[in-house]
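Here is structure-v6.csv, consisting of CSV, C-alpha atoms and all ligand atoms:
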chain,number,residue,atom,x,y,z
A,1,MET,CA,94.4,91.1,114.9
A,2,ASN,CA,96.5,91.2,111.8
A,3,PHE,CA,95.7,93.4,108.7
A,4,ARG,CA,97.2,93.5,105.3
A,5,ILE,CA,96.3,95.2,102.1
A,6,LEU,CA,96.2,93.0,99.0
A,7,GLU,CA,95.2,95.7,96.4
A,8,LYS,CA,94.4,99.3,96.6
A,9,SER,CA,93.3,102.0,94.2
A,10,ASP,CA,91.3,105.2,94.6
A,11,ARG,CA,87.9,103.4,94.3
A,12,LYS,CA,88.7,99.9,95.5
A,13,LEU,CA,90.4,98.3,98.4
A,14,THR,CA,91.1,94.6,99.0
A,15,PHE,CA,92.4,93.5,102.4
A,16,VAL,CA,92.7,90.5,104.7
A,17,LEU,CA,91.8,90.8,108.4
A,18,GLU,CA,93.0,87.9,110.6
A,19,GLY,CA,92.3,87.0,114.2
A,20,THR,CA,88.7,88.1,114.4
A,21,ASP,CA,85.3,86.5,114.0
A,22,ALA,CA,82.4,86.8,111.6
A,23,ALA,CA,80.4,89.1,114.0
A,24,PHE,CA,83.1,91.8,113.9
A,25,ALA,CA,83.7,91.3,110.2
A,26,ASN,CA,80.0,91.8,109.5
A,27,ALA,CA,79.8,94.9,111.8
A,28,LEU,CA,82.7,96.4,109.8
A,29,ARG,CA,81.0,95.6,106.5
A,30,ARG,CA,77.7,97.1,107.5
A,31,THR,CA,79.4,100.2,108.9
A,32,MET,CA,81.4,100.7,105.6
A,33,THR,CA,78.2,100.6,103.6
A,34,ASN,CA,75.6,102.2,105.8
A,35,GLU,CA,77.0,104.1,108.8
A,36,ILE,CA,79.3,106.7,107.3
A,37,PRO,CA,78.0,110.2,106.5
A,38,VAL,CA,78.0,110.9,102.8
A,39,LEU,CA,77.0,114.0,100.9
A,40,ALA,CA,74.0,113.8,98.4
A,41,ILE,CA,71.4,116.1,97.0
A,42,GLU,CA,68.3,116.0,99.2
A,43,TYR,CA,66.2,119.0,98.1
A,44,VAL,CA,65.7,120.5,94.6
A,45,ASP,CA,64.2,123.9,94.0
A,46,MET,CA,63.0,123.5,90.4
A,47,GLU,CA,62.8,126.9,88.8
A,48,GLU,CA,62.1,125.9,85.2
A,49,ASN,CA,61.6,122.4,83.8
A,50,THR,CA,59.9,122.1,80.4
A,51,SER,CA,61.6,118.8,79.7
A,52,GLY,CA,59.8,115.5,79.1
A,53,LEU,CA,60.5,114.3,82.7
A,54,PHE,CA,58.6,115.2,85.8
A,55,ASP,CA,60.4,117.3,88.5
A,56,GLU,CA,60.4,114.4,90.9
A,57,VAL,CA,62.1,112.1,88.4
A,58,ILE,CA,64.9,114.6,87.8
A,59,ALA,CA,65.2,115.2,91.5
A,60,HIS,CA,65.6,111.5,92.1
A,61,ARG,CA,68.3,111.2,89.5
A,62,LEU,CA,70.1,114.2,91.0
A,63,GLY,CA,70.1,112.5,94.4
A,64,LEU,CA,71.9,109.5,93.1
A,65,ILE,CA,74.9,111.4,91.5
A,66,PRO,CA,77.9,110.8,93.8
A,67,LEU,CA,79.5,114.0,95.1
A,68,VAL,CA,83.1,114.5,96.1
A,69,PHE,CA,83.4,116.4,99.4
A,70,ASP,CA,85.7,116.9,102.3
A,71,PRO,CA,84.2,115.0,105.3
A,72,LYS,CA,85.7,117.5,107.7
A,73,SER,CA,83.9,120.5,106.1
A,74,TYR,CA,80.3,119.3,106.7
A,75,LYS,CA,78.3,118.3,109.7
A,76,LEU,CA,75.1,116.3,109.9
A,77,LYS,CA,72.2,118.7,110.0
A,78,ASP,CA,71.0,117.3,113.4
A,79,ASP,CA,74.5,118.0,114.9
A,80,CYS,CA,74.9,121.4,113.4
A,81,LYS,CA,74.7,124.6,115.4
A,82,CYS,CA,71.9,125.9,113.1
A,83,ASN,CA,69.7,123.2,114.8
A,84,GLY,CA,68.8,121.6,111.5
A,85,LYS,CA,67.6,124.8,109.8
A,86,GLY,CA,70.4,124.5,107.2
A,87,CYS,CA,73.5,126.6,106.8
A,88,SER,CA,76.9,126.5,105.0
A,89,ASN,CA,78.2,124.1,107.6
A,90,CYS,CA,75.6,121.4,106.9
A,91,GLU,CA,74.4,122.1,103.4
A,92,ALA,CA,76.0,122.5,99.9
A,93,ILE,CA,74.2,124.4,97.1
A,94,LEU,CA,74.5,123.1,93.5
A,95,THR,CA,72.9,124.9,90.5
A,96,LEU,CA,72.3,124.2,86.9
A,97,GLU,CA,70.8,126.1,83.9
A,98,LYS,CA,70.7,124.6,80.5
A,99,THR,CA,68.7,125.3,77.3
A,100,GLY,CA,68.2,122.6,74.6
A,101,PRO,CA,69.0,121.0,72.3
A,102,CYS,CA,71.4,119.1,74.5
A,103,THR,CA,71.8,116.2,76.9
A,104,VAL,CA,72.1,117.5,80.4
A,105,ARG,CA,74.9,115.6,82.2
A,106,SER,CA,76.2,115.6,85.8
A,107,GLY,CA,79.2,117.7,84.7
A,108,ASP,CA,76.8,120.6,83.9
A,109,ILE,CA,76.0,121.0,87.6
A,110,ALA,CA,77.9,123.9,89.2
A,111,SER,CA,78.8,123.9,92.9
A,112,GLN,CA,78.9,127.0,95.1
A,113,ASP,CA,81.4,125.3,97.4
A,114,ALA,CA,84.8,124.8,95.7
A,115,GLY,CA,85.3,121.7,97.8
A,116,VAL,CA,82.2,119.9,96.4
A,117,ALA,CA,82.0,118.5,92.9
A,118,VAL,CA,80.4,115.7,91.0
A,119,LEU,CA,82.5,112.5,91.0
A,120,GLU,CA,81.6,111.6,87.3
A,121,THR,CA,80.9,114.3,84.8
A,122,GLU,CA,79.2,112.1,82.1
A,123,ILE,CA,76.2,110.8,83.9
A,124,PRO,CA,73.1,111.7,81.7
A,125,ILE,CA,70.3,113.4,83.6
A,126,VAL,CA,67.8,114.4,80.9
A,127,GLU,CA,67.7,115.2,77.1
A,128,LEU,CA,66.4,118.6,76.2
A,129,LEU,CA,64.9,119.4,72.8
A,130,GLU,CA,65.2,122.7,70.9
A,131,GLY,CA,64.3,125.6,73.2
A,132,VAL,CA,63.5,123.4,76.2
A,133,ARG,CA,64.8,124.7,79.6
A,134,LEU,CA,66.0,123.2,82.8
A,135,LYS,CA,67.0,125.4,85.7
A,136,PHE,CA,67.3,124.4,89.4
A,137,SER,CA,69.0,125.0,92.6
A,138,ALA,CA,69.7,121.9,94.7
A,139,THR,CA,70.7,121.4,98.3
A,140,ALA,CA,73.0,118.5,99.3
A,141,GLN,CA,73.4,117.3,102.9
A,142,LEU,CA,75.0,114.5,104.8
A,143,GLY,CA,73.1,111.3,105.3
A,144,PHE,CA,73.4,107.5,105.9
A,145,GLY,CA,73.1,104.6,103.6
A,146,ARG,CA,70.6,103.0,106.1
A,147,ASP,CA,68.2,105.8,105.2
A,148,HIS,CA,68.6,105.9,101.4
A,149,ALA,CA,70.8,104.2,98.8
A,150,LYS,CA,72.0,107.7,97.6
A,151,TRP,CA,74.0,108.0,100.9
A,152,LYS,CA,75.7,104.6,100.7
A,153,ALA,CA,79.4,105.0,101.0
A,154,SER,CA,80.5,101.8,99.5
A,155,ILE,CA,79.7,98.2,98.4
A,156,ALA,CA,81.6,96.0,100.8
A,157,GLY,CA,81.7,92.2,101.1
A,158,TYR,CA,83.9,89.6,102.7
A,159,ARG,CA,84.6,85.9,102.6
A,160,HIS,CA,86.6,83.5,104.7
A,161,THR,CA,90.2,83.4,103.5
A,162,PRO,CA,90.7,80.3,101.4
A,163,VAL,CA,93.4,77.7,102.2
A,164,VAL,CA,94.2,75.6,99.1
A,165,LYS,CA,96.7,72.7,99.2
A,166,VAL,CA,97.5,70.2,96.4
A,167,SER,CA,99.6,67.0,96.4
A,168,PRO,CA,101.3,67.5,93.0
A,169,ASP,CA,101.6,63.7,92.5
A,170,LYS,CA,97.9,63.1,93.1
A,171,ALA,CA,96.2,66.2,91.7
A,172,ASP,CA,94.6,65.7,88.3
A,173,GLU,CA,95.7,68.4,85.8
A,174,LYS,CA,92.1,69.0,84.6
A,175,ILE,CA,91.5,71.1,87.7
A,176,VAL,CA,93.8,73.8,86.1
A,177,ASP,CA,91.2,74.5,83.4
A,178,ALA,CA,88.2,73.7,85.6
A,179,CYS,CA,88.9,76.3,88.3
A,180,PRO,CA,86.9,79.4,87.4
A,181,THR,CA,89.3,81.8,89.1
A,182,HIS,CA,92.6,80.2,87.9
A,183,VAL,CA,94.0,79.2,91.2
A,184,PHE,CA,96.2,76.5,89.7
A,185,GLU,CA,98.8,76.3,87.1
A,186,LYS,CA,100.7,73.4,85.6
A,187,LYS,CA,104.4,73.8,86.1
A,188,ASP,CA,107.1,71.2,85.1
A,189,GLY,CA,104.3,68.6,84.6
A,190,LYS,CA,102.9,69.2,88.1
A,191,VAL,CA,99.8,71.0,89.3
A,192,LYS,CA,100.7,73.9,91.7
A,193,VAL,CA,98.7,76.5,93.6
A,194,VAL,CA,99.5,80.0,92.2
A,195,ASN,CA,96.6,82.2,93.1
A,196,GLU,CA,95.3,81.0,96.5
A,197,GLN,CA,93.6,84.2,97.4
A,198,GLN,CA,91.5,84.0,94.2
A,199,CYS,CA,89.7,80.9,95.4
A,200,ILE,CA,86.0,81.4,95.8
A,201,LEU,CA,85.5,78.0,97.6
A,202,CYS,CA,83.4,76.6,94.8
A,203,MET,CA,84.9,73.1,95.5
A,204,ARG,CA,85.0,72.3,91.7
A,205,CYS,CA,88.6,71.1,92.1
A,206,VAL,CA,87.8,68.9,95.1
A,207,GLU,CA,84.9,67.2,93.1
A,208,LEU,CA,87.2,66.5,90.1
A,209,SER,CA,90.3,65.3,91.7
A,210,ASP,CA,92.0,63.6,94.7
A,211,GLY,CA,94.9,65.3,96.3
A,212,VAL,CA,93.3,68.7,96.6
A,213,ARG,CA,92.2,70.2,99.9
A,214,VAL,CA,90.2,73.4,100.1
A,215,GLU,CA,89.3,75.0,103.4
A,216,ALA,CA,87.9,78.3,104.6
A,217,HIS,CA,90.1,79.9,107.3
A,218,GLU,CA,87.7,80.3,110.3
A,219,ASN,CA,89.2,83.5,111.7
A,220,SER,CA,90.5,85.2,108.6
A,221,PHE,CA,88.5,87.4,106.2
A,222,ALA,CA,89.2,88.7,102.8
A,223,PHE,CA,87.3,92.0,102.2
A,224,ASP,CA,86.5,93.7,98.9
A,225,VAL,CA,85.5,97.4,99.3
A,226,GLU,CA,84.4,99.5,96.4
A,227,SER,CA,83.5,103.1,97.0
A,228,ILE,CA,80.3,104.3,95.3
A,229,SER,CA,80.4,107.7,96.9
A,230,GLY,CA,82.7,110.7,96.7
A,231,LEU,CA,84.9,109.2,99.4
A,232,ASN,CA,87.8,107.0,98.4
A,233,ALA,CA,88.0,103.4,99.5
A,234,GLN,CA,90.6,104.0,102.1
A,235,GLN,CA,88.7,106.9,103.6
A,236,VAL,CA,85.6,104.5,103.8
A,237,LEU,CA,87.6,102.0,105.9
A,238,LEU,CA,89.2,104.5,108.2
A,239,MET,CA,85.9,106.4,108.8
A,240,ALA,CA,84.1,103.0,109.4
A,241,LEU,CA,86.7,102.1,112.0
A,242,ALA,CA,86.3,105.5,113.7
A,243,THR,CA,82.5,105.0,113.7
A,244,VAL,CA,82.7,101.5,115.3
A,245,LYS,CA,85.0,102.9,117.9
A,246,ASP,CA,82.6,105.8,118.6
A,247,MET,CA,79.7,103.4,118.9
A,248,ALA,CA,81.6,101.2,121.4
A,249,GLN,CA,82.7,104.3,123.4
A,250,GLU,CA,79.1,105.6,123.6
A,251,PHE,CA,77.9,102.2,124.7
A,252,ALA,CA,80.6,101.9,127.3
A,253,GLU,CA,79.7,105.3,128.8
A,254,GLU,CA,76.0,104.5,128.9
A,255,ALA,CA,76.8,101.0,130.4
A,256,LYS,CA,79.0,102.6,133.1
A,257,LYS,CA,76.2,105.1,134.1
A,258,ALA,CA,73.7,102.2,134.3
A,259,ILE,CA,75.9,99.8,136.2
A,260,LYS,CA,77.5,102.1,138.8
B,301,ZN,ZN,73.8,124.0,109.8
Show me the file's structure as structure tokens.
Amino acid sequence: MNFRILEKSDRKLTFVLEGTDAAFANALRRTMTNEIPVLAIEYVDMEENTSGLFDEVIAHRLGLIPLVFDPKSYKLKDDCKCNGKGCSNCEAILTLEKTGPCTVRSGDIASQDAGVAVLETEIPIVELLEGVRLKFSATAQLGFGRDHAKWKASIAGYRHTPVVKVSPDKADEKIVDACPTHVFEKKDGKVKVVNEQQCILCMRCVELSDGVRVEAHENSFAFDVESISGLNAQQVLLMALATVKDMAQEFAEEAKKAIK
């Protein structure tokens, strides 16, 4: 297996994985979106709400606000030594108190744990008119994207790595403008491939011109991962790989017990 990063930033990661098959690529994709524990608000104790929105609508909005957290600091409630009752090892408390006129934004939420904070401070929650009050205490806990979208760690997708070849003497220069992702450029009067990885396999160039060959590499996958949680994109990948390993390990142990 061969792995190389094409682009990385805090929120996004683009990489190529070679020497594997679609089954493994898809397992990794699904794990990166749905199988990593992410912190999100689950319960809201609404003390005052005289705004125009029902408690449930505000609670739903709060759940979807991404929270930055340290994955090592929190346990899943079911795995916690409090047996799911809720404690500082498996829950984070967030509070808010605002009086209108104002727009309540995610940045107004205060966290009792210094390691937990909202990822974006400008997400609007509700508009309060003169004298209107909103006061609540919310409890965040770890959960999985397979149970609710608020716990999704990332949006991840992959495609087969493209292989694009041109015969400069045969290729028609109109493919340079026709390609939607600008894979080709005209240099010294000849068409050349300059951005092979940008190819989306739309085959527009192959339809327009002879001398162009586009193929999808069978055992090579280009991944795009964008974090939509408080974890950064590289954490998402590393945690997904650890999860896949743990799942395989658990399976191996069960299989050994059953087969002995
Ligand atoms: Zn606990």
Test item: residues no farther than 9 Å from ligand ZN 301 (chain B), counting all atoms listed in the file, as number ranges by chain
A: 74-91
Leaving out Ala216 of chain A and any residue of its chain fewer than 3 positions from it, which residues lie within 6 Å of it when counting only C-alpha atoms, given as a PyMOL selection string?
chain A and resi 160-162
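Restricting the calculation to all atoms listed in the file, the smallest distance between Cys199 of chain A and any of A:Val126, A:Cys102, A:Leu231, A:Ala222 is found for A:Ala222.
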Separation of atom CA of Ser167 of chain A and atom CA of Phe184 of chain A, in Å?
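So the two atoms, atom CA of Ser167 of chain A and atom CA of Phe184 of chain A, lie 12.1 Å apart.
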Considering only C-alpha atoms, return as a ChimeraX atom specification whatever protein or nucleic-acid residues lie within 8 Å of segment 64-66 of chain A, sequence-local ones (same chain, fewer than 3 positions apart) excluded.
/A:39-41,60-61,106,118-120,123,149-150,228-230
Taking into account all atoms listed in the file, which residue in the set A:Ile5, A:Leu129, A:Val214, A:Ala171 is nearest to Thr99 of chain A?
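Distance minimum relative to Thr99 of chain A lands on A:Leu129.
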From the options A:Glu35, A:Lys186, A:Phe136, A:Lys12, which residue's atoms come nearest to Ala59 of chain A, counting all atoms listed in the file?
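That would be A:Phe136, the residue with the smallest distance to Ala59 of chain A.
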Nearest candidate to Leu67 of chain A (options A:Leu241, A:Val116, A:Leu28, A:Ile109; using only C-alpha atoms):
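Nearest candidate to Leu67 of chain A out of A:Leu241, A:Val116, A:Leu28, A:Ile109: A:Val116.
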Report the distance between atom CA of Gly19 of chain A and atom CA of Glu218 of chain A in Å, rounded to one decimal place.
9.0 Å
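Using only C-alpha atoms, the smallest distance between any of A:Leu94, A:Met239, A:Arg159, A:Phe221 and Phe3 of chain A comes from A:Phe221.
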